[in-house]
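Below is the file data.cif, which contains mmCIF, C-alpha atoms and all ligand atoms.
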```cif
data_structure
#
loop_
_atom_site.label_atom_id
_atom_site.label_comp_id
_atom_site.auth_asym_id
_atom_site.auth_seq_id
_atom_site.Cartn_x
_atom_site.Cartn_y
_atom_site.Cartn_z
CA MET A 1 6.01 -34.83 -29.76
CA ALA A 2 3.36 -32.32 -28.69
CA GLU A 3 1.31 -30.95 -31.57
CA GLN A 4 1.98 -27.30 -32.29
CA THR A 5 -1.13 -25.12 -32.24
CA THR A 6 -1.41 -22.18 -34.61
CA ASN A 7 -2.71 -18.99 -33.09
CA PHE A 8 -5.76 -17.22 -34.49
CA LYS A 9 -5.58 -13.62 -35.70
CA VAL A 10 -8.54 -11.54 -34.55
CA THR A 11 -9.12 -7.82 -35.11
CA ILE A 12 -11.18 -5.93 -32.53
CA ASP A 13 -11.97 -2.28 -33.20
CA ASN A 14 -9.15 -2.21 -35.79
CA ILE A 15 -6.55 -3.63 -33.38
CA THR A 16 -5.18 -7.04 -34.36
CA ILE A 17 -4.00 -9.59 -31.84
CA GLU A 18 -2.99 -13.26 -32.00
CA VAL A 19 -4.64 -15.56 -29.51
CA ALA A 20 -4.79 -19.27 -28.85
CA PRO A 21 -7.74 -21.21 -30.34
CA GLY A 22 -10.54 -21.46 -27.79
CA THR A 23 -10.12 -17.88 -26.59
CA SER A 24 -13.39 -15.94 -26.40
CA ILE A 25 -13.81 -12.52 -28.01
CA LEU A 26 -14.10 -10.99 -24.53
CA GLU A 27 -10.83 -12.57 -23.38
CA ALA A 28 -9.08 -11.40 -26.58
CA ALA A 29 -10.42 -7.87 -26.02
CA ARG A 30 -9.18 -7.95 -22.41
CA MET A 31 -5.71 -8.89 -23.71
CA ILE A 32 -5.76 -5.71 -25.81
CA GLY A 33 -7.28 -3.80 -22.89
CA GLY A 34 -8.55 -0.23 -22.65
CA ASP A 35 -11.87 1.13 -23.90
CA ILE A 36 -12.39 -1.57 -26.50
CA THR A 37 -13.04 -4.17 -23.78
CA PRO A 38 -16.78 -4.92 -23.53
CA PRO A 39 -18.34 -4.74 -20.04
CA ALA A 40 -19.26 -8.06 -18.41
CA MET A 41 -21.85 -8.41 -15.67
CA CYS A 42 -22.20 -12.18 -15.52
CA PHE A 43 -18.96 -13.64 -16.92
CA TYR A 44 -16.36 -14.22 -14.18
CA THR A 45 -13.09 -15.87 -15.22
CA PRO A 46 -12.53 -18.01 -12.08
CA LEU A 47 -16.09 -19.38 -12.20
CA GLU A 48 -16.47 -22.23 -14.67
CA GLY A 49 -19.60 -22.00 -16.82
CA SER A 50 -20.28 -18.34 -16.04
CA GLY A 51 -21.35 -15.92 -18.79
CA GLY A 52 -24.11 -15.78 -21.38
CA LYS A 53 -26.78 -14.45 -19.01
CA CYS A 54 -26.72 -10.64 -19.00
CA ARG A 55 -25.94 -9.67 -22.64
CA THR A 56 -23.99 -6.54 -21.63
CA CYS A 57 -20.94 -7.87 -23.49
CA LEU A 58 -22.66 -7.81 -26.91
CA VAL A 59 -20.39 -7.08 -29.91
CA GLU A 60 -20.79 -7.00 -33.68
CA VAL A 61 -18.89 -9.60 -35.70
CA SER A 62 -18.42 -7.91 -39.08
CA LYS A 63 -16.34 -10.77 -40.52
CA GLY A 64 -16.79 -14.33 -39.27
CA SER A 65 -13.40 -15.72 -40.26
CA GLU A 66 -10.89 -15.92 -43.10
CA LYS A 67 -12.59 -19.07 -44.44
CA ASP A 68 -16.14 -17.72 -44.08
CA PRO A 69 -16.00 -13.91 -44.14
CA ARG A 70 -19.77 -13.42 -43.83
CA PRO A 71 -20.73 -11.17 -40.91
CA MET A 72 -22.72 -12.75 -38.08
CA PRO A 73 -26.38 -11.80 -38.55
CA LYS A 74 -26.96 -10.66 -34.96
CA LEU A 75 -24.88 -9.12 -32.21
CA VAL A 76 -23.23 -11.86 -30.15
CA ALA A 77 -22.30 -12.27 -26.48
CA SER A 78 -18.51 -11.82 -26.57
CA CYS A 79 -17.99 -13.85 -23.37
CA ARG A 80 -19.49 -16.95 -25.00
CA THR A 81 -18.28 -16.58 -28.60
CA GLY A 82 -14.91 -18.06 -29.51
CA VAL A 83 -12.58 -16.23 -31.90
CA MET A 84 -11.95 -17.64 -35.39
CA ASP A 85 -8.89 -17.03 -37.52
CA GLY A 86 -9.33 -13.74 -39.42
CA MET A 87 -12.39 -12.68 -37.42
CA GLU A 88 -13.18 -8.97 -37.29
CA VAL A 89 -15.12 -7.58 -34.36
CA LYS A 90 -16.58 -4.16 -33.65
CA ASN A 91 -17.29 -2.92 -30.18
CA ILE A 92 -16.83 0.83 -29.74
CA THR A 93 -16.53 1.28 -33.52
CA SER A 94 -19.93 -0.34 -34.09
CA GLU A 95 -23.01 1.73 -34.80
CA LYS A 96 -25.32 -0.97 -33.43
CA VAL A 97 -23.58 -1.95 -30.18
CA PRO A 98 -23.97 1.23 -28.07
CA ASP A 99 -27.70 1.32 -28.74
CA ALA A 100 -28.19 -2.40 -28.07
CA ARG A 101 -26.11 -2.22 -24.88
CA ALA A 102 -28.06 0.79 -23.67
CA GLY A 103 -31.24 -1.29 -24.19
CA VAL A 104 -29.76 -4.17 -22.20
CA VAL A 105 -28.82 -1.82 -19.36
CA GLU A 106 -32.31 -0.35 -19.34
CA MET A 107 -33.74 -3.85 -19.20
CA LEU A 108 -31.46 -4.79 -16.28
CA LEU A 109 -32.63 -1.67 -14.50
CA ALA A 110 -36.35 -2.25 -15.20
CA ASN A 111 -36.94 -3.86 -11.80
CA HIS A 112 -33.98 -2.34 -10.03
CA PRO A 113 -34.82 -0.05 -7.09
CA LEU A 114 -32.21 2.58 -8.15
CA ASP A 115 -31.35 3.05 -4.48
CA CYS A 116 -27.65 3.82 -5.06
CA PRO A 117 -27.62 6.60 -2.43
CA ILE A 118 -28.24 4.03 0.33
CA CYS A 119 -26.71 0.94 -1.29
CA ASP A 120 -23.45 -0.45 0.10
CA GLN A 121 -22.25 -1.33 -3.41
CA ALA A 122 -22.39 2.30 -4.61
CA GLY A 123 -18.97 3.43 -5.80
CA GLU A 124 -17.96 -0.08 -6.84
CA CYS A 125 -21.14 -1.21 -8.63
CA HIS A 126 -20.78 -2.23 -12.27
CA LEU A 127 -24.48 -1.68 -12.90
CA GLN A 128 -24.24 1.88 -11.59
CA ASP A 129 -21.26 2.53 -13.89
CA LEU A 130 -23.07 1.01 -16.87
CA GLY A 131 -26.19 3.05 -16.16
CA TYR A 132 -24.23 6.30 -16.17
CA GLU A 133 -22.09 5.29 -19.17
CA HIS A 134 -25.21 4.64 -21.24
CA GLY A 135 -27.34 7.50 -20.02
CA LYS A 136 -29.73 5.14 -18.26
CA GLU A 137 -29.44 6.45 -14.74
CA GLY A 138 -33.03 7.71 -15.01
CA THR A 139 -35.99 5.43 -15.69
CA ARG A 140 -38.90 5.29 -18.16
CA TYR A 141 -40.46 2.38 -16.31
CA GLU A 142 -43.94 3.17 -15.07
CA PHE A 143 -45.12 -0.23 -13.84
CA LYS A 144 -44.91 -1.66 -10.36
CA ARG A 145 -41.46 -3.15 -9.81
CA ARG A 146 -41.22 -6.62 -8.38
CA THR A 147 -40.19 -6.44 -4.76
CA PHE A 148 -38.91 -8.94 -2.19
CA GLU A 149 -38.31 -8.91 1.54
CA ARG A 150 -34.67 -8.66 2.56
CA LEU A 151 -33.38 -12.09 3.51
CA ASP A 152 -30.65 -12.98 6.00
CA LEU A 153 -28.59 -15.81 4.56
CA GLY A 154 -26.91 -16.86 7.77
CA PRO A 155 -25.21 -14.55 10.25
CA TYR A 156 -22.99 -12.65 7.80
CA ILE A 157 -24.75 -12.23 4.47
CA GLN A 158 -27.90 -10.36 3.53
CA LEU A 159 -29.73 -10.83 0.25
CA HIS A 160 -31.45 -7.77 -1.13
CA MET A 161 -33.20 -9.49 -4.01
CA ASN A 162 -34.69 -6.26 -5.40
CA ARG A 163 -31.23 -5.34 -6.63
CA CYS A 164 -30.35 -8.74 -8.14
CA ILE A 165 -29.84 -8.97 -11.91
CA LEU A 166 -29.84 -12.80 -11.93
CA CYS A 167 -26.33 -13.06 -13.28
CA TYR A 168 -25.89 -16.50 -11.60
CA ARG A 169 -22.36 -15.68 -10.42
CA CYS A 170 -23.21 -16.38 -6.77
CA VAL A 171 -24.82 -19.67 -7.75
CA PHE A 172 -21.66 -20.77 -9.57
CA ALA A 173 -19.49 -19.53 -6.68
CA ALA A 174 -21.55 -21.45 -4.11
CA ASN A 175 -21.55 -24.53 -6.35
CA GLN A 176 -17.85 -24.51 -7.00
CA LEU A 177 -16.51 -23.34 -3.62
CA SER A 178 -18.67 -25.17 -1.13
CA ASP A 179 -19.36 -28.88 -0.75
CA LYS A 180 -23.08 -28.56 -0.30
CA ARG A 181 -24.76 -25.81 -2.25
CA GLU A 182 -27.84 -24.54 -0.52
CA HIS A 183 -28.84 -21.68 -2.72
CA GLY A 184 -29.76 -21.22 -6.34
CA VAL A 185 -32.35 -19.69 -8.62
CA LEU A 186 -35.97 -20.56 -7.82
CA ASP A 187 -38.79 -20.13 -10.37
CA ARG A 188 -38.45 -18.76 -13.86
CA GLY A 189 -38.94 -15.57 -15.88
CA ASP A 190 -40.23 -12.57 -14.00
CA HIS A 191 -40.62 -14.72 -10.87
CA ALA A 192 -37.02 -15.98 -10.87
CA GLN A 193 -35.19 -15.26 -7.63
CA ILE A 194 -32.02 -16.17 -5.80
CA SER A 195 -33.01 -18.10 -2.71
CA THR A 196 -31.85 -20.63 -0.19
CA PHE A 197 -33.87 -23.81 -0.28
CA ILE A 198 -36.51 -23.33 2.43
CA GLN A 199 -34.42 -20.43 3.76
CA ASN A 200 -31.46 -22.54 4.83
CA ASN A 201 -28.48 -20.67 6.18
CA LEU A 202 -25.39 -20.57 4.04
CA ASP A 203 -22.89 -21.74 6.61
CA ASN A 204 -20.06 -23.01 4.45
CA ASP A 205 -16.63 -21.65 5.42
CA MET A 206 -16.02 -20.18 1.93
CA ILE A 207 -19.54 -18.84 1.28
CA GLY A 208 -18.56 -15.20 1.94
CA ASN A 209 -17.07 -15.16 -1.56
CA VAL A 210 -20.57 -14.82 -3.02
CA ILE A 211 -20.47 -11.23 -1.77
CA ASP A 212 -17.33 -10.51 -3.81
CA VAL A 213 -18.67 -11.99 -7.04
CA CYS A 214 -22.01 -10.14 -6.90
CA PRO A 215 -21.73 -7.27 -9.41
CA VAL A 216 -24.48 -5.26 -7.69
CA GLY A 217 -25.56 -4.68 -4.09
CA ALA A 218 -27.79 -7.76 -3.85
CA LEU A 219 -25.46 -9.77 -1.60
CA THR A 220 -23.93 -7.63 1.11
CA ASP A 221 -21.61 -8.18 4.05
CA LYS A 222 -23.69 -7.71 7.21
CA THR A 223 -20.59 -6.75 9.19
CA PHE A 224 -20.10 -3.76 6.82
CA ARG A 225 -23.68 -2.75 6.01
CA PHE A 226 -24.15 1.01 6.40
CA LYS A 227 -20.82 1.36 8.24
CA ASN A 228 -19.34 3.68 5.62
CA ARG A 229 -19.32 4.76 2.00
CA VAL A 230 -16.65 2.86 0.12
CA TRP A 231 -15.00 6.04 -1.19
CA PHE A 232 -14.34 7.23 2.36
CA THR A 233 -12.38 4.07 3.16
CA ASN A 234 -8.72 3.46 2.58
CA PRO A 235 -8.03 0.08 0.94
CA ILE A 236 -4.85 -1.67 2.05
CA ASP A 237 -3.41 -4.99 0.85
CA ALA A 238 -2.59 -7.38 3.69
CA HIS A 239 -2.11 -11.08 4.36
CA ARG A 240 -2.07 -13.61 7.20
CA ASN A 241 -1.21 -17.27 7.58
CA CYS A 242 -4.66 -18.75 7.39
CA ASP A 243 -4.93 -22.41 8.39
CA ASN A 244 -7.88 -23.06 6.04
CA PRO A 245 -6.32 -24.87 3.05
CA LYS A 246 -8.93 -23.38 0.68
CA CYS A 247 -8.17 -19.79 1.76
CA CYS A 248 -5.25 -17.85 0.25
CA GLY A 249 -5.08 -15.42 3.20
CA GLU A 250 -4.35 -12.49 0.84
CA VAL A 251 -6.93 -9.75 1.22
CA THR A 252 -7.76 -6.09 0.94
CA LEU A 253 -8.63 -4.31 4.20
CA TRP A 254 -11.03 -1.40 3.82
CA ASN A 255 -10.08 0.91 6.67
CA ARG A 256 -11.22 4.15 8.18
CA GLY A 257 -8.17 5.24 10.16
CA GLU A 258 -7.06 2.17 12.10
CA ASP A 259 -10.52 0.57 12.04
CA VAL A 260 -10.87 -2.38 9.69
CA LEU A 261 -14.43 -1.93 8.44
CA ARG A 262 -14.44 -4.62 5.77
CA VAL A 263 -12.23 -7.43 4.47
CA THR A 264 -12.54 -8.61 0.86
CA ALA A 265 -10.63 -10.77 -1.58
CA ARG A 266 -8.29 -8.83 -3.85
CA LYS A 267 -9.75 -7.94 -7.22
CA ASN A 268 -8.20 -7.22 -10.60
CA LYS A 269 -9.14 -4.43 -12.99
CA TRP A 270 -12.07 -6.45 -14.31
CA GLY A 271 -13.53 -6.68 -10.81
CA GLU A 272 -12.70 -10.40 -10.58
CA VAL A 273 -10.90 -12.15 -7.74
CA MET A 274 -7.17 -11.96 -8.46
CA ASN A 275 -4.99 -15.00 -8.88
CA THR A 276 -2.41 -15.65 -6.20
CA LYS A 277 1.27 -16.30 -6.96
CA ASP A 278 0.56 -19.98 -7.65
CA GLY A 279 -1.94 -18.99 -10.39
CA LYS A 280 -5.07 -20.06 -8.43
CA PRO A 281 -8.02 -17.71 -7.75
CA GLY A 282 -7.47 -15.92 -4.42
CA TRP A 283 -10.70 -16.90 -2.62
CA ILE A 284 -10.78 -16.16 1.11
CA CYS A 285 -12.53 -17.94 3.98
CA ASN A 286 -15.23 -16.58 6.31
CA THR A 287 -12.80 -16.33 9.24
CA CYS A 288 -10.48 -13.95 7.35
CA ARG A 289 -13.42 -12.02 5.92
CA PHE A 290 -15.70 -11.64 8.92
CA ASP A 291 -13.69 -12.31 12.10
CA LYS A 292 -10.29 -10.69 11.55
CA LYS A 293 -11.22 -7.05 11.92
CA SER A 294 -8.12 -5.80 13.75
CA MET A 295 -4.93 -4.48 12.15
CA LYS A 296 -3.03 -6.79 14.55
CA ASP A 297 -4.45 -9.80 12.74
CA TRP A 298 -2.71 -8.85 9.49
CA THR A 299 0.70 -8.30 7.95
CA ILE A 300 0.28 -5.03 6.06
CA GLU A 301 1.72 -4.88 2.52
CA GLY A 302 0.70 -1.34 1.52
CA PRO A 303 -2.05 0.67 -0.17
CA MET A 304 -4.09 -1.16 -2.78
CA LYS A 305 -3.65 0.09 -6.35
CA VAL A 306 -6.82 1.98 -7.25
CA SER A 307 -7.64 3.03 -10.81
CA ARG A 308 -7.42 6.80 -11.03
CA HIS A 309 -10.86 6.79 -12.66
CA SER A 310 -12.46 5.10 -9.66
CA VAL A 311 -14.40 7.16 -7.14
CA ILE A 312 -12.53 5.17 -4.45
CA ASN A 313 -9.41 7.06 -5.49
CA GLN A 314 -10.65 10.32 -4.01
CA GLY A 315 -9.57 9.49 -0.44
CA HIS A 316 -6.63 7.33 -1.41
CA TYR A 317 -3.22 8.71 -0.60
CA GLN A 318 0.04 6.88 -1.06
CA ASN A 319 2.89 7.62 1.37
CA ALA A 320 0.49 9.51 3.62
CA VAL A 321 1.81 10.37 7.08
CA LYS A 322 -0.51 9.48 9.92
CA PRO A 323 -1.33 12.61 11.97
CA HIS A 324 -0.32 12.67 15.64
CA GLU A 325 -2.87 11.42 18.13
CA THR A 326 -4.15 14.60 19.77
CA ILE A 327 -6.45 13.27 22.50
CA SER A 328 -3.79 13.16 25.22
CA ILE A 329 -2.55 16.68 24.24
CA VAL A 330 -6.08 18.05 24.57
CA LEU A 331 -6.42 16.24 27.92
CA ASP A 332 -3.14 17.70 29.29
CA GLY A 333 -1.24 14.45 28.98
CA ARG A 334 -3.93 12.25 30.48
CA GLN A 335 -5.29 9.23 28.61
CA PRO A 336 -9.06 9.06 28.11
CA LYS A 337 -10.88 6.73 30.51
CA LEU A 338 -13.44 5.66 27.94
CA LEU A 339 -13.68 5.97 24.16
CA MET A 340 -17.02 5.06 22.64
CA ASN A 341 -17.51 3.49 19.25
CA ILE A 342 -20.80 4.82 17.96
CA HIS A 343 -21.29 1.81 15.73
CA ASP A 344 -21.44 -0.46 18.77
CA ILE A 345 -24.02 1.56 20.64
CA SER A 346 -26.19 2.98 17.88
CA GLY A 347 -29.29 1.01 16.97
CA VAL A 348 -29.80 3.20 13.89
CA ASN A 349 -27.58 1.08 11.69
CA LYS A 350 -29.11 -2.28 12.53
CA LYS A 351 -31.52 -2.55 9.56
S1 LIG A 401 -27.38 -12.06 -5.99
FE1 LIG A 401 -25.76 -10.91 -7.09
S2 LIG A 401 -24.35 -12.53 -7.82
FE2 LIG A 401 -26.28 -13.55 -7.28
S3 LIG A 401 -27.44 -13.64 -9.21
FE3 LIG A 401 -28.10 -11.76 -8.12
S4 LIG A 401 -26.77 -10.16 -8.96
FE4 LIG A 401 -25.82 -12.10 -9.50
S1 LIG A 402 -20.90 -11.01 -19.64
FE1 LIG A 402 -21.44 -11.91 -21.52
S2 LIG A 402 -23.54 -12.30 -21.36
FE2 LIG A 402 -23.02 -11.45 -19.41
#
```
Just dump the structure as structure tokens.
Amino acid sequence: MAEQTTNFKVTIDNITIEVAPGTSILEAARMIGGDITPPAMCFYTPLEGSGGKCRTCLVEVSKGSEKDPRPMPKLVASCRTGVMDGMEVKNITSEKVPDARAGVVEMLLANHPLDCPICDQAGECHLQDLGYEHGKEGTRYEFKRRTFERLDLGPYIQLHMNRCILCYRCVFAANQLSDKREHGVLDRGDHAQISTFIQNNLDNDMIGNVIDVCPVGALTDKTFRFKNRVWFTNPIDAHRNCDNPKCCGEVTLWNRGEDVLRVTARKNKWGEVMNTKDGKPGWICNTCRFDKKSMKDWTIEGPMKVSRHSVINQGHYQNAVKPHETISIVLDGRQPKLLMNIHDISGVNKK
């Protein structure tokens, strides 16, 4: 007969929940949800081994457990600390955590170029949100920041290392989704950088997922770079029968009108790739992500659910009626001979 496991009682910011042994404080907080959930820049549920790098998820453990009620002497990373029975944790009720987290955010931003106005990730960047939430959108840093050349990782992905916070998510994603990992972290300390070994291309058919896991604008989709601001796009859930067995074929299309500007995996409220119906992470292949940029390629399901606090919500209308096409009315019933797409002919957006 299977052994029955007793759940652990943990109290986070005065809310008590029962969770299975082995659950981390972060996971328990996510089960409660809302403001008490610590932010996480490096932990990523579908990526085994992730977490413990960025320290944004720090919390105060004011009571270790029922058996040993002593508080933990230092703030701990909630993504890597398992709950104990009777544990009491403080996140937003802690006096120490907001200050420590603000320090961590400032540290993450020390070498960051703060180029949100021209960064493709703006509007969906967790570092940008954290900076504003902790009053660290400005900088006290007076030294020369470390800078790198932009690097093309194959035909579809560009690495903008200046923005990288070395969270290792892309390294885990490449390790776990492709058969032959070609990129990782080179050097250590202030010299550490994400790089492909002697600049190899990342040509694996699932490698585009590194773009989705990157919490900042360090890894960007070259087919979307500078095409639009994310809050001007209209995200739509869609799917297709993809013949790649590793691809779930369930995506979000980021449209401007009928133009599919970007295709991404679907993400949950924690910014992580959603599970599909069979409970597996919904990774998508390069073909779905980079080559299927026509509405005809997809079966449309409907508008993506956007949090009402997200800036992406501003142009997001449910049940919107598409306005009539007016070109032929203006042209007295004639169809235009030629319609030009400025993105195809403008060299301005190349870099
Ligand atoms: S490139 Fe992005 S995902 Fe990779 S380590 Fe840097 S910040 Fe993390
Ligand atoms: S999310 Fe916990 S250390 Fe980064």
Contacts of Val105 of chain A within 10 Å, only C-alpha atoms, excl. fewer than 6 positions in-chain, as a PyMOL selection string = chain A and resi 54-56+99+127-128+130-137
Where does chain A meet ligand LIG 401 (chain A) within 8 Å, residue by residue, with the nearest atom pair and distance in Å to one decimal for each, counting only C-alpha atoms and all ligand atoms, listed by chain and rising number, as CSV?
```
residue,atom,partner,partner_atom,distance
A:Cys42,CA,A:LIG401,FE4,7.0
A:Leu159,CA,A:LIG401,S1,6.8
A:His160,CA,A:LIG401,S1,7.7
A:Met161,CA,A:LIG401,S1,6.7
A:Arg163,CA,A:LIG401,S4,7.0
A:Cys164,CA,A:LIG401,FE3,3.8
A:Ile165,CA,A:LIG401,S4,4.4
A:Leu166,CA,A:LIG401,S3,3.7
A:Cys167,CA,A:LIG401,FE4,3.9
A:Tyr168,CA,A:LIG401,S3,4.0
A:Arg169,CA,A:LIG401,S2,4.5
A:Cys170,CA,A:LIG401,S2,4.2
A:Val171,CA,A:LIG401,FE2,6.3
A:Val185,CA,A:LIG401,S3,7.8
A:Gln193,CA,A:LIG401,FE3,7.9
A:Ile194,CA,A:LIG401,S1,6.2
A:Val210,CA,A:LIG401,S2,6.5
A:Ile211,CA,A:LIG401,S2,7.3
A:Val213,CA,A:LIG401,S2,5.8
A:Cys214,CA,A:LIG401,S2,3.5
A:Pro215,CA,A:LIG401,S4,5.8
A:Val216,CA,A:LIG401,S4,5.6
A:Gly217,CA,A:LIG401,FE1,6.9
A:Ala218,CA,A:LIG401,S1,4.8
A:Leu219,CA,A:LIG401,S1,5.3
```
ask   = How many Å lie between atom CA of Ser178 of chain A and atom CA of Asn204 of chain A, rounded to one decimal?
value =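 Separation of atom CA of Ser178 of chain A and atom CA of Asn204 of chain A: 6.1 Å.
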Test item: residues no farther than 9 Å from ligand LIG 402 (chain A), counting all atoms listed in the file, as a PDB file with C-alpha atoms, keeping the file's coordinate frame:
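Written output follows (selection_9.pdb):
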```pdb
ATOM      1  CA  LEU A  26     -14.100 -10.990 -24.530  1.00  0.00           C
ATOM      2  CA  PRO A  38     -16.780  -4.920 -23.530  1.00  0.00           C
ATOM      3  CA  PRO A  39     -18.340  -4.740 -20.040  1.00  0.00           C
ATOM      4  CA  ALA A  40     -19.260  -8.060 -18.410  1.00  0.00           C
ATOM      5  CA  MET A  41     -21.850  -8.410 -15.670  1.00  0.00           C
ATOM      6  CA  CYS A  42     -22.200 -12.180 -15.520  1.00  0.00           C
ATOM      7  CA  PHE A  43     -18.960 -13.640 -16.920  1.00  0.00           C
ATOM      8  CA  TYR A  44     -16.360 -14.220 -14.180  1.00  0.00           C
ATOM      9  CA  SER A  50     -20.280 -18.340 -16.040  1.00  0.00           C
ATOM     10  CA  GLY A  51     -21.350 -15.920 -18.790  1.00  0.00           C
ATOM     11  CA  GLY A  52     -24.110 -15.780 -21.380  1.00  0.00           C
ATOM     12  CA  LYS A  53     -26.780 -14.450 -19.010  1.00  0.00           C
ATOM     13  CA  CYS A  54     -26.720 -10.640 -19.000  1.00  0.00           C
ATOM     14  CA  ARG A  55     -25.940  -9.670 -22.640  1.00  0.00           C
ATOM     15  CA  THR A  56     -23.990  -6.540 -21.630  1.00  0.00           C
ATOM     16  CA  CYS A  57     -20.940  -7.870 -23.490  1.00  0.00           C
ATOM     17  CA  LEU A  58     -22.660  -7.810 -26.910  1.00  0.00           C
ATOM     18  CA  VAL A  76     -23.230 -11.860 -30.150  1.00  0.00           C
ATOM     19  CA  ALA A  77     -22.300 -12.270 -26.480  1.00  0.00           C
ATOM     20  CA  SER A  78     -18.510 -11.820 -26.570  1.00  0.00           C
ATOM     21  CA  CYS A  79     -17.990 -13.850 -23.370  1.00  0.00           C
ATOM     22  CA  ARG A  80     -19.490 -16.950 -25.000  1.00  0.00           C
ATOM     23  CA  CYS A 167     -26.330 -13.060 -13.280  1.00  0.00           C
TER      24      CYS A 167
END
```
task = Please measure the separation of atom CA of Lys63 of chain A and atom CA of Gly86 of chain A, giving the value in Å to one decimal.
result =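 Between atom CA of Lys63 of chain A and atom CA of Gly86 of chain A the gap is 7.7 Å.
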request  = Tell me, as number ranges by chain, which residues lie within 8 Å of Ala110 of chain A, counting only C-alpha atoms; anything in the same chain fewer than 2 positions away does not count.
outcome  = A: 106-108, 112, 139, 141, 145
